[in-house]
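Below is one structure, written out as structure tokens; the observations come after it.
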Amino acid sequence: MRSRRRSSQKVKITIITILAFVVIVAAILLLQSILREKGYLADKDEVVQADAPPANQKEPDPQGEQGASGGDQEDPQSQAGAPSQEQQLLRQTAIEDAAYLAATYDYDGAIAALNGLADAASDSEVQQLIAQYQATKDSCVPVNMEEVTHVFYHSLVVDPDRCFANQDTNPQAVGNNQWMTTISEFNKITQEMYDRGYVLVSIHDLVEVTTDENGNTVYKPAQIMLPEGKKAFVLSLDDLSYYHSYDNYGYAARLILDENGKVTNEYIDADGNLLTGAYDCVPLLDQFIEEHPDASYRGAKGIIALTGYNGILGYRTDITYQEQGDDLSKDKRKWLEEHPDFNLETERAEATKVAEAMKEAGWEFASHTWGHIRVGDSSLERIQADTQRWRENVEPLVGPTDTIIFAHGQDLGNWGAYDENNAKYQYLKGQGYSIFCNVDSNQYRTWFGNDYLRQGRRNLDGFRIYYNAIGDQDNVSDLFDATKILDPQRPPVPPLG
């Protein structure tokens with residue numbers, strides 16, 4: 001009995017103790033709640049921050065004075081040591097810019113872009129990228145400047161059915177088939193050359209121009225460094241004037257600027273509809289390099305070799321359209337009749353806008369002679385008159401150039417050094433030309449004169465593609481497999497007459 005009573009008492013005492021504890025805790029919590037409501041007790045989070053100034057208020061200067069910023073508020077992230085949104089954006093932009101520069105083989109530019117960041121030295125990712133670009137640069141090898149091939153095209157065929165029709169009766173269609181490349185063939189060649197490691201360079205990248213102790217200009221091979229396995233090449237486009245003779249044969253009509261200021265084409269289809277898009281080499285190559293920046297060395301594009309007698313880039317910019325003399329061609333008379341609102345200055349202004357956009361995108365311009373003349377067969381007097389016409393009608397629109405690409409593949413002399421007594425050479429050199437290009441079936445042919453550069457070019461046209469595809473020739477296999485390139489819409493190509 002005594003044992004049970006003691007046990008019962010212990011239970012009662014335990015219960016009373018627990019109840020008392022609960023009552024005390026409840027009383028304390030109630031008191032804290034009342035004190036908070038009265039403002040006598042801070043919240044737990046506020047107690048932790050009690051010694052720090054509010055987030056939107058700068059901590060007072062111990063001397064009671066404002067800092068050098070005159071009391072401007074600071075970014076709270078910056079106060080906490082984290083980068084601000086602006087800093088993050090600058091960092092991301094620098095990383096993207098560096099990646100693009102490195103893709104175009106400008107490793108020094110990529111490293112400089114990253115080192116320009118304020119915290120570059122303490123940013124492990126940035127330092128890793130710098131080390132990566134430096135290692136790639138150190139592994140590059142020099143390009144042999146005498147083994148840089150130069151390829152060229154004319155305007156591309158958009159509609160093979162229209163362009164190549166009536167081969168048996170139409171000499172123009174035969175010429176189209178021999179000298180022109182289709183869009184399909186151009187795109188395939190561009191892709192295959194890229195896959196084989198070809199990198200587009202400017203012809204000016206080949207030359208280092210210096211001055212000797214006598215003040216004379218000296219040309220010597222420059223240095224281009226590319227990763228192992230990459231091969232440099234130069235590209236040019238002939239006759240990008242969209243001649244009247246191209247009308248109704250399925251070529252683009254002219255170059256224009258789209259709503260974003262990029263160069264594109266106008267094209268008139270077989271039903272007479274005016275279409276806008278990439279219908280020729282310039283916008284097609286621009287698009288490819290935008291998608292594959294490593295296809296181009298530091299943003300290089302090609303050389304546009306222009307005549308002037310039908311205007312340039314599809315605009316009727318030559319003075320003959322305005323003078324309308326007795327010697328005006330039948331094509332020009334017909335065009336003027338179809339365009340009674342023609343204004344020479346408007347045509348020139350529009351052509352200049354397109355040319356400026358092309359130069360901004362990396363394209364360069366060259367003379368192809370004003371009248372597409374044969375310089376080897378022409379007299380000095382004719383070359384002089386033709387050059388003057390080019391300077392008056394083309395140069396003001398595209399700017400001065402030091403490059404002349406001879407029409408019909410002709411040249412001023414035999415291969416090697418130009419004869420200093422050659423009057424035609426001396427005249428053109430005196431007119432500011434120092435880069436001279438002909439047509440040459442060799443894989444590559446480059447000559448560095450004392451103060452000029454000569455380079456042979458390879459035609460990638462219907463004739464070359466077709467006869468390589470059927471096995472009669474083998475002079476493009478270093479660039480592409482012609483059997484994979486040949487457009488199935490191309491008919492058999494007649495041999496050259």
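By order of appearance in the structure tokens: chains A, B, ..., then residues from 1 within every chain, and ligands from 1 in the order shown.
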
(request) Name all residues at most 12 Å from A:Tyr467 (count only C-alpha atoms; drop same-chain ones fewer than 5 positions away) and give them as a PyMOL selection string. (result) chain A and resi 178+460-462+472-477+481-483+485-486+491-496

(request) Considering only C-alpha atoms, return as an MDAnalysis selection string whatever protein or nucleic-acid residues lie within 12 Å of A:Gln384, sequence-local ones (same chain, fewer than 2 positions apart) excluded. (result) chainID A and resid 369:371 373 375 378:382 386:391 423:431

(message) If you run DSSP on the backbone here, which positions in stretch 328-409 of chain A get strand (DSSP E or B)? Please write them as a ChimeraX atom specification.
(response) /A:364-367,403-405

Once you count only C-alpha atoms, what closest atom pair and distance in Å to one decimal does each residue of stretch 196-241 of chain A within 6 Å of stretch 131-142 of chain A have, with rows by chain and rising residue number, as a tab-separated table?
residue	atom	partner	partner_atom	distance
A:Ile224	CA	A:Pro142	CA	5.6
A:Met225	CA	A:Pro142	CA	4.5
A:Leu226	CA	A:Cys140	CA	4.9
A:Pro227	CA	A:Cys140	CA	4.2

(request) Please run DSSP on the backbone and report, as a VMD selection string, all residues within stretch 318-407 of chain A that come out as helix (DSSP H, G or I). (result) chain A and resid 320 to 323 330 to 338 344 to 360 380 to 393 395 to 398 407

Near stretch 193-196 of chain A, 10 Å: stretch 438-486 of chain A residue rows, closest pairs, only C-alpha atoms, as CSV:
residue,atom,partner,partner_atom,distance
A:Asp478,CA,A:Met193,CA,9.0
A:Leu479,CA,A:Met193,CA,5.8
A:Phe480,CA,A:Met193,CA,6.4
A:Asp481,CA,A:Met193,CA,9.9
